[in-house]
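Student: What follows is the file run-v3.pdb, containing PDB, C-alpha atoms and all ligand atoms:
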```pdb
ATOM      1  CA  MET A 727      -0.386  29.915 -20.722  1.00  0.00           C
ATOM      2  CA  THR A 728       2.640  29.459 -18.500  1.00  0.00           C
ATOM      3  CA  HIS A 729       4.036  25.950 -18.328  1.00  0.00           C
ATOM      4  CA  ARG A 730       3.477  24.520 -14.884  1.00  0.00           C
ATOM      5  CA  ARG A 731       6.472  22.725 -13.382  1.00  0.00           C
ATOM      6  CA  ARG A 732       5.870  19.047 -12.618  1.00  0.00           C
ATOM      7  CA  GLY A 733       6.051  18.152  -8.954  1.00  0.00           C
ATOM      8  CA  LEU A 734       8.533  15.745  -7.436  1.00  0.00           C
ATOM      9  CA  LEU A 735       7.736  12.096  -6.724  1.00  0.00           C
ATOM     10  CA  ILE A 736       9.277  11.124  -3.405  1.00  0.00           C
ATOM     11  CA  THR A 737       8.911   7.544  -2.207  1.00  0.00           C
ATOM     12  CA  LEU A 738       9.471   6.100   1.219  1.00  0.00           C
ATOM     13  CA  GLU A 739      10.606   2.501   1.590  1.00  0.00           C
ATOM     14  CA  GLY A 740      11.789   0.136   4.275  1.00  0.00           C
ATOM     15  CA  GLY A 741      11.126  -3.141   6.009  1.00  0.00           C
ATOM     16  CA  GLU A 742       8.597  -3.670   8.766  1.00  0.00           C
ATOM     17  CA  GLY A 743       9.090  -1.430  11.810  1.00  0.00           C
ATOM     18  CA  ALA A 744      11.506   0.963  10.079  1.00  0.00           C
ATOM     19  CA  GLY A 745       9.606   4.074  11.218  1.00  0.00           C
ATOM     20  CA  LYS A 746       8.053   5.092   7.898  1.00  0.00           C
ATOM     21  CA  THR A 747       4.986   6.691   9.464  1.00  0.00           C
ATOM     22  CA  THR A 748       6.963   9.164  11.574  1.00  0.00           C
ATOM     23  CA  ALA A 749       9.281   9.872   8.638  1.00  0.00           C
ATOM     24  CA  GLN A 750       6.348  10.524   6.325  1.00  0.00           C
ATOM     25  CA  GLN A 751       4.929  13.178   8.643  1.00  0.00           C
ATOM     26  CA  PHE A 752       8.333  14.832   8.946  1.00  0.00           C
ATOM     27  CA  ILE A 753       8.785  14.915   5.138  1.00  0.00           C
ATOM     28  CA  TYR A 754       5.287  16.286   4.611  1.00  0.00           C
ATOM     29  CA  ASP A 755       5.819  19.046   7.179  1.00  0.00           C
ATOM     30  CA  TRP A 756       9.231  19.946   5.748  1.00  0.00           C
ATOM     31  CA  LEU A 757       7.973  20.213   2.163  1.00  0.00           C
ATOM     32  CA  ARG A 758       4.960  22.275   3.272  1.00  0.00           C
ATOM     33  CA  ALA A 759       7.254  24.600   5.243  1.00  0.00           C
ATOM     34  CA  GLN A 760       9.085  25.278   1.948  1.00  0.00           C
ATOM     35  CA  GLY A 761       5.786  26.488   0.526  1.00  0.00           C
ATOM     36  CA  ARG A 762       5.288  23.405  -1.652  1.00  0.00           C
ATOM     37  CA  SER A 763       1.958  21.676  -2.290  1.00  0.00           C
ATOM     38  CA  VAL A 764       2.072  18.030  -1.316  1.00  0.00           C
ATOM     39  CA  THR A 765      -0.197  15.076  -1.983  1.00  0.00           C
ATOM     40  CA  THR A 766       0.368  12.006   0.163  1.00  0.00           C
ATOM     41  CA  THR A 767      -0.622   8.510  -0.809  1.00  0.00           C
ATOM     42  CA  ARG A 768       0.348   4.941  -0.017  1.00  0.00           C
ATOM     43  CA  GLU A 769       0.733   1.580  -1.712  1.00  0.00           C
ATOM     44  CA  PRO A 770      -0.946  -0.715  -1.954  1.00  0.00           C
ATOM     45  CA  GLY A 771      -3.818   1.778  -1.680  1.00  0.00           C
ATOM     46  CA  GLY A 772      -4.531   5.442  -2.244  1.00  0.00           C
ATOM     47  CA  THR A 773      -7.934   5.189  -3.979  1.00  0.00           C
ATOM     48  CA  PRO A 774     -11.091   3.349  -2.838  1.00  0.00           C
ATOM     49  CA  LEU A 775     -10.493   0.551  -5.358  1.00  0.00           C
ATOM     50  CA  ALA A 776      -6.790   0.259  -4.497  1.00  0.00           C
ATOM     51  CA  GLU A 777      -7.628   0.258  -0.766  1.00  0.00           C
ATOM     52  CA  GLY A 778      -9.999  -2.644  -1.487  1.00  0.00           C
ATOM     53  CA  ILE A 779      -7.131  -4.506  -3.166  1.00  0.00           C
ATOM     54  CA  ARG A 780      -4.967  -3.647  -0.138  1.00  0.00           C
ATOM     55  CA  ASN A 781      -7.484  -5.328   2.172  1.00  0.00           C
ATOM     56  CA  ILE A 782      -7.302  -8.511   0.106  1.00  0.00           C
ATOM     57  CA  LEU A 783      -3.476  -8.390   0.072  1.00  0.00           C
ATOM     58  CA  LEU A 784      -3.049  -7.784   3.810  1.00  0.00           C
ATOM     59  CA  ASP A 785      -5.765 -10.138   5.087  1.00  0.00           C
ATOM     60  CA  ALA A 786      -3.962 -12.399   7.545  1.00  0.00           C
ATOM     61  CA  LYS A 787      -6.457 -15.203   6.896  1.00  0.00           C
ATOM     62  CA  GLY A 788      -5.956 -14.955   3.141  1.00  0.00           C
ATOM     63  CA  GLU A 789      -3.637 -17.041   1.030  1.00  0.00           C
ATOM     64  CA  MET A 790      -2.440 -16.403  -2.510  1.00  0.00           C
ATOM     65  CA  ALA A 791       0.167 -17.429  -5.047  1.00  0.00           C
ATOM     66  CA  PRO A 792       3.186 -15.073  -5.260  1.00  0.00           C
ATOM     67  CA  ALA A 793       2.280 -14.165  -8.867  1.00  0.00           C
ATOM     68  CA  THR A 794      -1.247 -13.161  -7.760  1.00  0.00           C
ATOM     69  CA  GLU A 795       0.290 -11.000  -5.051  1.00  0.00           C
ATOM     70  CA  LEU A 796       2.563  -9.239  -7.538  1.00  0.00           C
ATOM     71  CA  LEU A 797      -0.241  -8.647 -10.033  1.00  0.00           C
ATOM     72  CA  LEU A 798      -2.555  -7.247  -7.343  1.00  0.00           C
ATOM     73  CA  MET A 799       0.226  -4.877  -6.220  1.00  0.00           C
ATOM     74  CA  PHE A 800       0.451  -3.564  -9.772  1.00  0.00           C
ATOM     75  CA  ALA A 801      -3.345  -3.436 -10.192  1.00  0.00           C
ATOM     76  CA  ALA A 802      -3.497  -1.195  -7.116  1.00  0.00           C
ATOM     77  CA  ARG A 803      -0.501   0.799  -8.395  1.00  0.00           C
ATOM     78  CA  ALA A 804      -2.100   1.407 -11.805  1.00  0.00           C
ATOM     79  CA  GLU A 805      -5.097   2.955 -10.018  1.00  0.00           C
ATOM     80  CA  ASN A 806      -2.983   5.074  -7.709  1.00  0.00           C
ATOM     81  CA  ILE A 807      -0.893   6.368 -10.615  1.00  0.00           C
ATOM     82  CA  ALA A 808      -3.886   7.147 -12.844  1.00  0.00           C
ATOM     83  CA  LYS A 809      -6.112   8.730 -10.198  1.00  0.00           C
ATOM     84  CA  ILE A 810      -3.739  10.296  -7.680  1.00  0.00           C
ATOM     85  CA  ILE A 811      -0.055  10.409  -8.621  1.00  0.00           C
ATOM     86  CA  GLU A 812      -0.061  11.604 -12.250  1.00  0.00           C
ATOM     87  CA  PRO A 813      -2.809  14.216 -11.800  1.00  0.00           C
ATOM     88  CA  ALA A 814      -1.023  15.710  -8.766  1.00  0.00           C
ATOM     89  CA  LEU A 815       2.413  15.761 -10.434  1.00  0.00           C
ATOM     90  CA  GLY A 816       0.850  17.326 -13.525  1.00  0.00           C
ATOM     91  CA  GLN A 817      -0.612  20.106 -11.373  1.00  0.00           C
ATOM     92  CA  GLY A 818       2.842  20.845  -9.976  1.00  0.00           C
ATOM     93  CA  GLN A 819       2.256  19.173  -6.629  1.00  0.00           C
ATOM     94  CA  ASP A 820       4.854  16.991  -4.999  1.00  0.00           C
ATOM     95  CA  VAL A 821       3.704  13.444  -4.304  1.00  0.00           C
ATOM     96  CA  LEU A 822       4.884  11.663  -1.203  1.00  0.00           C
ATOM     97  CA  CYS A 823       4.169   7.961  -1.606  1.00  0.00           C
ATOM     98  CA  ASP A 824       4.520   5.470   1.241  1.00  0.00           C
ATOM     99  CA  ARG A 825       6.023   2.570  -0.765  1.00  0.00           C
ATOM    100  CA  PHE A 826       6.105   2.218  -4.545  1.00  0.00           C
ATOM    101  CA  THR A 827       7.566  -0.188  -7.126  1.00  0.00           C
ATOM    102  CA  ASP A 828      10.774  -0.745  -5.146  1.00  0.00           C
ATOM    103  CA  ALA A 829       8.577  -2.486  -2.559  1.00  0.00           C
ATOM    104  CA  SER A 830       7.481  -4.939  -5.264  1.00  0.00           C
ATOM    105  CA  ARG A 831      11.149  -5.507  -6.170  1.00  0.00           C
ATOM    106  CA  ALA A 832      12.022  -6.153  -2.528  1.00  0.00           C
ATOM    107  CA  TYR A 833       8.933  -8.070  -1.309  1.00  0.00           C
ATOM    108  CA  GLN A 834       7.805  -9.953  -4.421  1.00  0.00           C
ATOM    109  CA  GLY A 835      11.016  -9.989  -6.479  1.00  0.00           C
ATOM    110  CA  ALA A 836      13.397 -10.850  -3.624  1.00  0.00           C
ATOM    111  CA  GLY A 837      11.136 -11.887  -0.711  1.00  0.00           C
ATOM    112  CA  ARG A 838       8.805 -14.140  -2.682  1.00  0.00           C
ATOM    113  CA  GLU A 839      11.682 -15.018  -5.043  1.00  0.00           C
ATOM    114  CA  LEU A 840       9.798 -14.072  -8.228  1.00  0.00           C
ATOM    115  CA  GLY A 841      12.908 -12.323  -9.525  1.00  0.00           C
ATOM    116  CA  LEU A 842      13.494  -8.776 -10.699  1.00  0.00           C
ATOM    117  CA  ALA A 843      12.703  -9.438 -14.368  1.00  0.00           C
ATOM    118  CA  ALA A 844       8.999 -10.057 -13.632  1.00  0.00           C
ATOM    119  CA  VAL A 845       8.703  -6.881 -11.564  1.00  0.00           C
ATOM    120  CA  ASP A 846      10.617  -4.770 -14.066  1.00  0.00           C
ATOM    121  CA  ALA A 847       8.459  -6.055 -16.933  1.00  0.00           C
ATOM    122  CA  LEU A 848       5.307  -4.926 -15.102  1.00  0.00           C
ATOM    123  CA  ALA A 849       6.888  -1.613 -14.138  1.00  0.00           C
ATOM    124  CA  ASP A 850       7.864  -0.981 -17.777  1.00  0.00           C
ATOM    125  CA  TRP A 851       4.292  -1.648 -18.835  1.00  0.00           C
ATOM    126  CA  VAL A 852       2.350   0.099 -16.027  1.00  0.00           C
ATOM    127  CA  HIS A 853       4.564   3.181 -15.625  1.00  0.00           C
ATOM    128  CA  PRO A 854       7.189   3.260 -18.409  1.00  0.00           C
ATOM    129  CA  THR A 855       8.260   6.854 -17.803  1.00  0.00           C
ATOM    130  CA  LEU A 856       7.348   7.435 -14.158  1.00  0.00           C
ATOM    131  CA  LYS A 857      10.218   7.095 -11.724  1.00  0.00           C
ATOM    132  CA  PRO A 858      10.693   8.550  -8.245  1.00  0.00           C
ATOM    133  CA  ASP A 859      12.921  11.636  -8.049  1.00  0.00           C
ATOM    134  CA  LEU A 860      14.023  10.517  -4.606  1.00  0.00           C
ATOM    135  CA  THR A 861      13.609   7.233  -2.739  1.00  0.00           C
ATOM    136  CA  LEU A 862      14.320   7.252   0.980  1.00  0.00           C
ATOM    137  CA  LEU A 863      15.103   3.768   2.229  1.00  0.00           C
ATOM    138  CA  LEU A 864      14.828   3.404   5.995  1.00  0.00           C
ATOM    139  CA  ASP A 865      17.044   0.437   6.690  1.00  0.00           C
ATOM    140  CA  VAL A 866      16.796  -1.547   9.886  1.00  0.00           C
ATOM    141  CA  PRO A 867      18.089  -5.027  10.791  1.00  0.00           C
ATOM    142  CA  VAL A 868      15.279  -7.586  10.593  1.00  0.00           C
ATOM    143  CA  GLU A 869      15.282  -8.530  14.306  1.00  0.00           C
ATOM    144  CA  ILE A 870      14.981  -4.889  15.387  1.00  0.00           C
ATOM    145  CA  GLY A 871      12.173  -4.205  12.910  1.00  0.00           C
ATOM    146  CA  MET A 872      10.228  -7.272  13.994  1.00  0.00           C
ATOM    147  CA  GLU A 873      10.655  -6.369  17.638  1.00  0.00           C
ATOM    148  CA  ARG A 874       9.212  -2.881  16.958  1.00  0.00           C
ATOM    149  CA  VAL A 875       6.255  -4.412  15.080  1.00  0.00           C
ATOM    150  CA  GLY A 876       5.614  -6.820  17.971  1.00  0.00           C
ATOM    151  CA  LYS A 877       5.570  -3.931  20.464  1.00  0.00           C
ATOM    152  CA  ARG A 878       2.821  -2.144  18.503  1.00  0.00           C
ATOM    153  CA  GLY A 879       0.426  -4.729  19.866  1.00  0.00           C
ATOM    154  CA  ALA A 880      -1.755  -4.538  16.731  1.00  0.00           C
ATOM    155  CA  ALA A 881      -2.871  -7.701  14.933  1.00  0.00           C
ATOM    156  CA  LEU A 882      -0.266  -8.806  12.380  1.00  0.00           C
ATOM    157  CA  ASN A 883      -1.120  -8.599   8.683  1.00  0.00           C
ATOM    158  CA  ARG A 884      -0.306 -11.329   6.132  1.00  0.00           C
ATOM    159  CA  PHE A 885       3.169  -9.899   5.416  1.00  0.00           C
ATOM    160  CA  GLU A 886       4.096  -9.388   9.052  1.00  0.00           C
ATOM    161  CA  LEU A 887       3.377 -13.093   9.635  1.00  0.00           C
ATOM    162  CA  ALA A 888       6.158 -14.154   7.227  1.00  0.00           C
ATOM    163  CA  ASP A 889       9.345 -15.769   8.553  1.00  0.00           C
ATOM    164  CA  THR A 890      12.708 -14.150   9.235  1.00  0.00           C
ATOM    165  CA  ALA A 891      14.290 -15.563   6.054  1.00  0.00           C
ATOM    166  CA  PHE A 892      11.638 -13.737   3.995  1.00  0.00           C
ATOM    167  CA  PHE A 893      12.426 -10.423   5.697  1.00  0.00           C
ATOM    168  CA  GLU A 894      16.163 -10.951   5.241  1.00  0.00           C
ATOM    169  CA  ARG A 895      15.570 -11.370   1.498  1.00  0.00           C
ATOM    170  CA  VAL A 896      13.384  -8.235   1.489  1.00  0.00           C
ATOM    171  CA  ARG A 897      16.078  -6.212   3.240  1.00  0.00           C
ATOM    172  CA  HIS A 898      18.776  -7.371   0.842  1.00  0.00           C
ATOM    173  CA  GLY A 899      16.467  -6.773  -2.115  1.00  0.00           C
ATOM    174  CA  TYR A 900      16.083  -3.157  -1.054  1.00  0.00           C
ATOM    175  CA  LEU A 901      19.789  -2.650  -0.416  1.00  0.00           C
ATOM    176  CA  GLU A 902      20.718  -4.174  -3.785  1.00  0.00           C
ATOM    177  CA  GLN A 903      18.284  -1.872  -5.549  1.00  0.00           C
ATOM    178  CA  ALA A 904      19.814   1.091  -3.711  1.00  0.00           C
ATOM    179  CA  MET A 905      23.273   0.043  -4.903  1.00  0.00           C
ATOM    180  CA  ARG A 906      21.991  -0.269  -8.458  1.00  0.00           C
ATOM    181  CA  GLU A 907      20.519   3.241  -8.414  1.00  0.00           C
ATOM    182  CA  PRO A 908      22.657   5.339  -6.064  1.00  0.00           C
ATOM    183  CA  ASP A 909      21.527   8.644  -7.597  1.00  0.00           C
ATOM    184  CA  ARG A 910      17.885   8.011  -6.761  1.00  0.00           C
ATOM    185  CA  PHE A 911      18.214   6.226  -3.406  1.00  0.00           C
ATOM    186  CA  VAL A 912      19.257   7.582  -0.057  1.00  0.00           C
ATOM    187  CA  VAL A 913      19.721   4.805   2.491  1.00  0.00           C
ATOM    188  CA  ILE A 914      19.138   5.877   6.076  1.00  0.00           C
ATOM    189  CA  ASP A 915      20.183   3.830   9.083  1.00  0.00           C
ATOM    190  CA  ALA A 916      16.868   3.698  10.945  1.00  0.00           C
ATOM    191  CA  THR A 917      18.449   2.400  14.159  1.00  0.00           C
ATOM    192  CA  GLN A 918      19.733   5.942  14.790  1.00  0.00           C
ATOM    193  CA  SER A 919      17.887   8.411  16.998  1.00  0.00           C
ATOM    194  CA  LEU A 920      14.816  10.120  15.559  1.00  0.00           C
ATOM    195  CA  ASN A 921      16.791  13.345  15.386  1.00  0.00           C
ATOM    196  CA  GLU A 922      19.615  11.775  13.384  1.00  0.00           C
ATOM    197  CA  VAL A 923      17.166  10.082  11.005  1.00  0.00           C
ATOM    198  CA  GLN A 924      15.368  13.388  10.420  1.00  0.00           C
ATOM    199  CA  THR A 925      18.626  15.280   9.820  1.00  0.00           C
ATOM    200  CA  GLU A 926      19.549  12.797   7.079  1.00  0.00           C
ATOM    201  CA  ILE A 927      16.088  12.956   5.565  1.00  0.00           C
ATOM    202  CA  GLN A 928      16.294  16.745   5.501  1.00  0.00           C
ATOM    203  CA  SER A 929      19.673  16.706   3.699  1.00  0.00           C
ATOM    204  CA  ALA A 930      18.236  14.390   1.062  1.00  0.00           C
ATOM    205  CA  LEU A 931      15.207  16.655   0.604  1.00  0.00           C
ATOM    206  CA  GLU A 932      17.401  19.759   0.335  1.00  0.00           C
ATOM    207  CA  ALA A 933      19.472  18.036  -2.348  1.00  0.00           C
ATOM    208  CA  VAL A 934      16.469  17.019  -4.439  1.00  0.00           C
ATOM    209  CA  CYS A 935      14.818  20.432  -4.073  1.00  0.00           C
ATOM    210  CA  GLY A 936      18.180  22.135  -4.634  1.00  0.00           C
ATOM    211  CA  GLY A 937      17.916  22.727  -8.374  1.00  0.00           C
ATOM    212  CA  GLU A 938      14.445  24.163  -7.993  1.00  0.00           C
ATOM    213  CA  HIS A 939      12.853  27.198  -6.490  1.00  0.00           C
ATOM    214  CA  CYS A 940      11.917  25.939  -3.020  1.00  0.00           C
ATOM    215  CA  GLY A 941       9.622  28.259  -1.203  1.00  0.00           C
TER     216      GLY A 941
HETATM  217  P1  LIG A1001       2.686  -0.753   4.592  1.00  0.00           P
HETATM  218  O1  LIG A1001       1.362  -0.081   4.622  1.00  0.00           O
HETATM  219  O2  LIG A1001       3.859   0.100   4.332  1.00  0.00           O
HETATM  220  O3  LIG A1001       2.819  -1.569   5.925  1.00  0.00           O
HETATM  221  P2  LIG A1001       3.740  -1.245   7.166  1.00  0.00           P
HETATM  222  O4  LIG A1001       3.510   0.199   7.504  1.00  0.00           O
HETATM  223  O5  LIG A1001       3.186  -2.210   8.173  1.00  0.00           O
HETATM  224  O6  LIG A1001       5.135  -1.538   6.762  1.00  0.00           O
HETATM  225  O7  LIG A1001       2.692  -1.889   3.457  1.00  0.00           O
HETATM  226  C1  LIG A1001       1.833  -2.976   3.542  1.00  0.00           C
HETATM  227  C2  LIG A1001       2.554  -4.219   3.192  1.00  0.00           C
HETATM  228  O8  LIG A1001       2.563  -4.417   1.772  1.00  0.00           O
HETATM  229  C3  LIG A1001       3.990  -4.278   3.645  1.00  0.00           C
HETATM  230  O9  LIG A1001       4.148  -5.461   4.409  1.00  0.00           O
HETATM  231  C4  LIG A1001       4.787  -4.398   2.377  1.00  0.00           C
HETATM  232  C5  LIG A1001       3.817  -4.925   1.359  1.00  0.00           C
HETATM  233  N1  LIG A1001       4.071  -4.506  -0.037  1.00  0.00           N
HETATM  234  C6  LIG A1001       4.546  -5.451  -0.936  1.00  0.00           C
HETATM  235  O10 LIG A1001       4.774  -6.615  -0.575  1.00  0.00           O
HETATM  236  N2  LIG A1001       4.760  -5.089  -2.244  1.00  0.00           N
HETATM  237  C7  LIG A1001       4.492  -3.825  -2.696  1.00  0.00           C
HETATM  238  O11 LIG A1001       4.690  -3.528  -3.900  1.00  0.00           O
HETATM  239  C8  LIG A1001       3.986  -2.866  -1.758  1.00  0.00           C
HETATM  240  C9  LIG A1001       3.682  -1.479  -2.219  1.00  0.00           C
HETATM  241  C10 LIG A1001       3.793  -3.249  -0.433  1.00  0.00           C
END
```
Translate the structure of the given file into C-alpha cells.

Tutor:
Amino acid sequence: MTHRRRGLLITLEGGEGAGKTTAQQFIYDWLRAQGRSVTTTREPGGTPLAEGIRNILLDAKGEMAPATELLLMFAARAENIAKIIEPALGQGQDVLCDRFTDASRAYQGAGRELGLAAVDALADWVHPTLKPDLTLLLDVPVEIGMERVGKRGAALNRFELADTAFFERVRHGYLEQAMREPDRFVVIDATQSLNEVQTEIQSALEAVCGGEHCG
C-alpha cells in the first residue's frame, strides 16, 4: 500500500469585518485549481453537534461566564477535529478552516482576559500534535472592521455586541500570536484592495505548497 500524504491544515483568522468569507472562497478556488482536494469547515461549528454549540455561543440574548465560553469553543473544536479535520487530513485532503485555536487565544485569552495559559492547556489536551501549516491573519483596525459589520445590516451576534476595548484586545492578541510564530502566520493588511489581499494570500499559499507536488 502506498503511503498517502497528509493534507495541509490552513486556517483563516481575523477580527470582525476583516473579509474572511471572500478570502475563504479565493483560497478554496486556488487550491482546487492546483488539483488539490479541499475540505472546508468553520469554528465554532463544522458538525451538527458543533453547530448546535455555535448557536449557544453566538446567541445575542445569551450570557455566559468567560470560562464557559472557552470550554464550549473547545468542545466544538474537539468534534470538528475528530469528525472532519483529522479524517480529511488523513485522506490527503487539505483542510481550510475558518478560525481555529488562535481565535480562542485572541478572543478568550486576550479579549475575555482569560490568559494564554488556559487556552494553551486546552489546546495541548484536545489537539496535542495538530497545528496549522499556515495561518492567514486578515488584520484590520477595529473601527474599520466594526463599520463593515454595521453595513452588513444583519442582526449582531453576541461577540459583535462587545465593546471596542474588547476588539482592541482581540486584535492585539492575534498580532502577538503572529509575532510569536512568524513561520506559521502570514499577516495580511485587510484594508488593502481585494486584489492586493488576494495577491498576498496567493504568495502565502504558493510558499506552503512549495515543497510539495502541487497539481
Ligand atoms: P465567525 O463565524 O468567524 O464570525 P464572523 O464571520 O462574524 O467573524 O466566528 C464567530 C464568532 O466566534 C466570532 O465573533 C469569533 C468567535 N470565536 C471565539 O471567540 N473563539 C473561538 O475560538 C472561535 C473559533 C470563534

Student: Would you list the contacts of Glu789 of chain A as a PyMOL selection string, taking every protein, DNA or RNA residue within 12 Å and counting all atoms listed in the file, but skipping same-chain residues closer than 5 positions in sequence?

Tutor: chain A and resi 782-784+794-795+883-885+887-888

Student: How would the residues just picked look written out with C-alpha atoms as a PDB file, in the frame of the given file?

Tutor:
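Below is the file that was written, selection10.pdb:
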```pdb
ATOM      1  CA  ILE A 782      -7.302  -8.511   0.106  1.00  0.00           C
ATOM      2  CA  LEU A 783      -3.476  -8.390   0.072  1.00  0.00           C
ATOM      3  CA  LEU A 784      -3.049  -7.784   3.810  1.00  0.00           C
ATOM      4  CA  THR A 794      -1.247 -13.161  -7.760  1.00  0.00           C
ATOM      5  CA  GLU A 795       0.290 -11.000  -5.051  1.00  0.00           C
ATOM      6  CA  ASN A 883      -1.120  -8.599   8.683  1.00  0.00           C
ATOM      7  CA  ARG A 884      -0.306 -11.329   6.132  1.00  0.00           C
ATOM      8  CA  PHE A 885       3.169  -9.899   5.416  1.00  0.00           C
ATOM      9  CA  LEU A 887       3.377 -13.093   9.635  1.00  0.00           C
ATOM     10  CA  ALA A 888       6.158 -14.154   7.227  1.00  0.00           C
TER      11      ALA A 888
END
```

Student: Report as a PyMOL selection string the residues that result from applying the PyMOL selection byres (((chain A and resi 792) around 8) and not hetatm) to the structure here.

Tutor: chain A and resi 790-791+793-796+834+838+840

Student: Apply the PyMOL selection byres (((chain A and resi 764-774) around 7) and not hetatm) to the displayed file and report the matching residues as a PyMOL selection string.

Tutor: chain A and resi 754+758+762-763+775-778+780+799+802-803+806+814+819-826

Student: Counting all atoms listed in the file, which residue out of A:Asn781, A:Thr737, A:Gln928, A:Gln817 sits closest to Leu860 of chain A?

Tutor: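 Under the stated criterion, the closest residue is A:Thr737.
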
Student: Around all the atoms of segment 917-931 of chain A listed in the file, draw an axis-aligned box and extend it by 5 Å on each of the six sides; I want its centre and edge lengths in Å to one decimal, as AutoDock Vina command-line options.

Tutor:
```
--center_x 17.3 --center_y 9.6 --center_z 8.8 --size_x 14.9 --size_y 24.3 --size_z 26.4
```

Student: Would you mind reading off the distance between atom CA of Val866 of chain A and atom CA of Glu742 of chain A, one decimal, in Å?

Tutor: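 So the two atoms, atom CA of Val866 of chain A and atom CA of Glu742 of chain A, lie 8.5 Å apart.
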
Student: Would you list the residues near (11.1, -6.7, -10.7), meaning any protein, DNA or RNA residue with an atom at most 10 Å from that point in file coordinates, counting only C-alpha atoms, as a list in words?

Tutor: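 Output of the proximity query reads Leu796, Thr827, Asp828, Ala829, Ser830, Arg831, Ala832, Tyr833, Gln834, Gly835, Ala836, Leu840, Gly841, Leu842, Ala843, Ala844, Val845, Asp846, Ala847, Leu848, Ala849 and Asp850 of chain A.
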
Student: In Å, with one decimal, what is the gap from atom CA of Gly733 of chain A to atom CA of Glu805 of chain A?

Tutor: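 Interatomic distance here is 18.9 Å.
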
Student: Just to confirm, what's the straight-line distance from atom CA of Glu873 of chain A to atom CA of Phe911 of chain A in Å (one decimal)?

Tutor: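 Atom-to-atom, atom CA of Glu873 of chain A and atom CA of Phe911 of chain A are spaced 25.7 Å apart.
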
Student: Taking into account all atoms listed in the file, which residue in the set A:Leu931, A:Leu901, A:Ala808, A:Leu864 is nearest to ligand LIG 1001 (chain A)?

Tutor: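 Nearest to ligand LIG 1001 (chain A): A:Leu864.
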
Student: Which residues fall under the PyMOL selection byres (((chain A and resi 918) around 12) and not hetatm) in this file, as an NGL selection string?

Tutor: :A and (744-745 or 864-867 or 870 or 914-917 or 919-926)

Student: Name the closest residue to Ala930 of chain A among the candidates A:Leu798, A:Ala881, A:Ile807, A:Val913; distances are taken between atoms, counting all atoms listed in the file.

Tutor: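 For Ala930 of chain A, the nearest of the given residues is A:Val913.
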
Student: May I ask which of the residues A:Arg731, A:Leu738, A:Glu869, A:Arg895 is the closest one to Gly816 of chain A, counting all atoms listed in the file?

Tutor: A:Arg731

Student: Of the residues A:Ile810, A:Val896, A:Ala759, A:Val934, which is the one nearest to ligand LIG 1001 (chain A), using all atoms listed in the file?

Tutor: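 Closest to ligand LIG 1001 (chain A), using all atoms listed in the file: A:Val896.
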
Student: Could you check which of A:Ile927, A:Leu815, A:Leu882, A:Leu734 is closest to ligand LIG 1001 (chain A), using all atoms listed in the file?

Tutor: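 Using all atoms listed in the file, ligand LIG 1001 (chain A) sits closest to A:Leu882.
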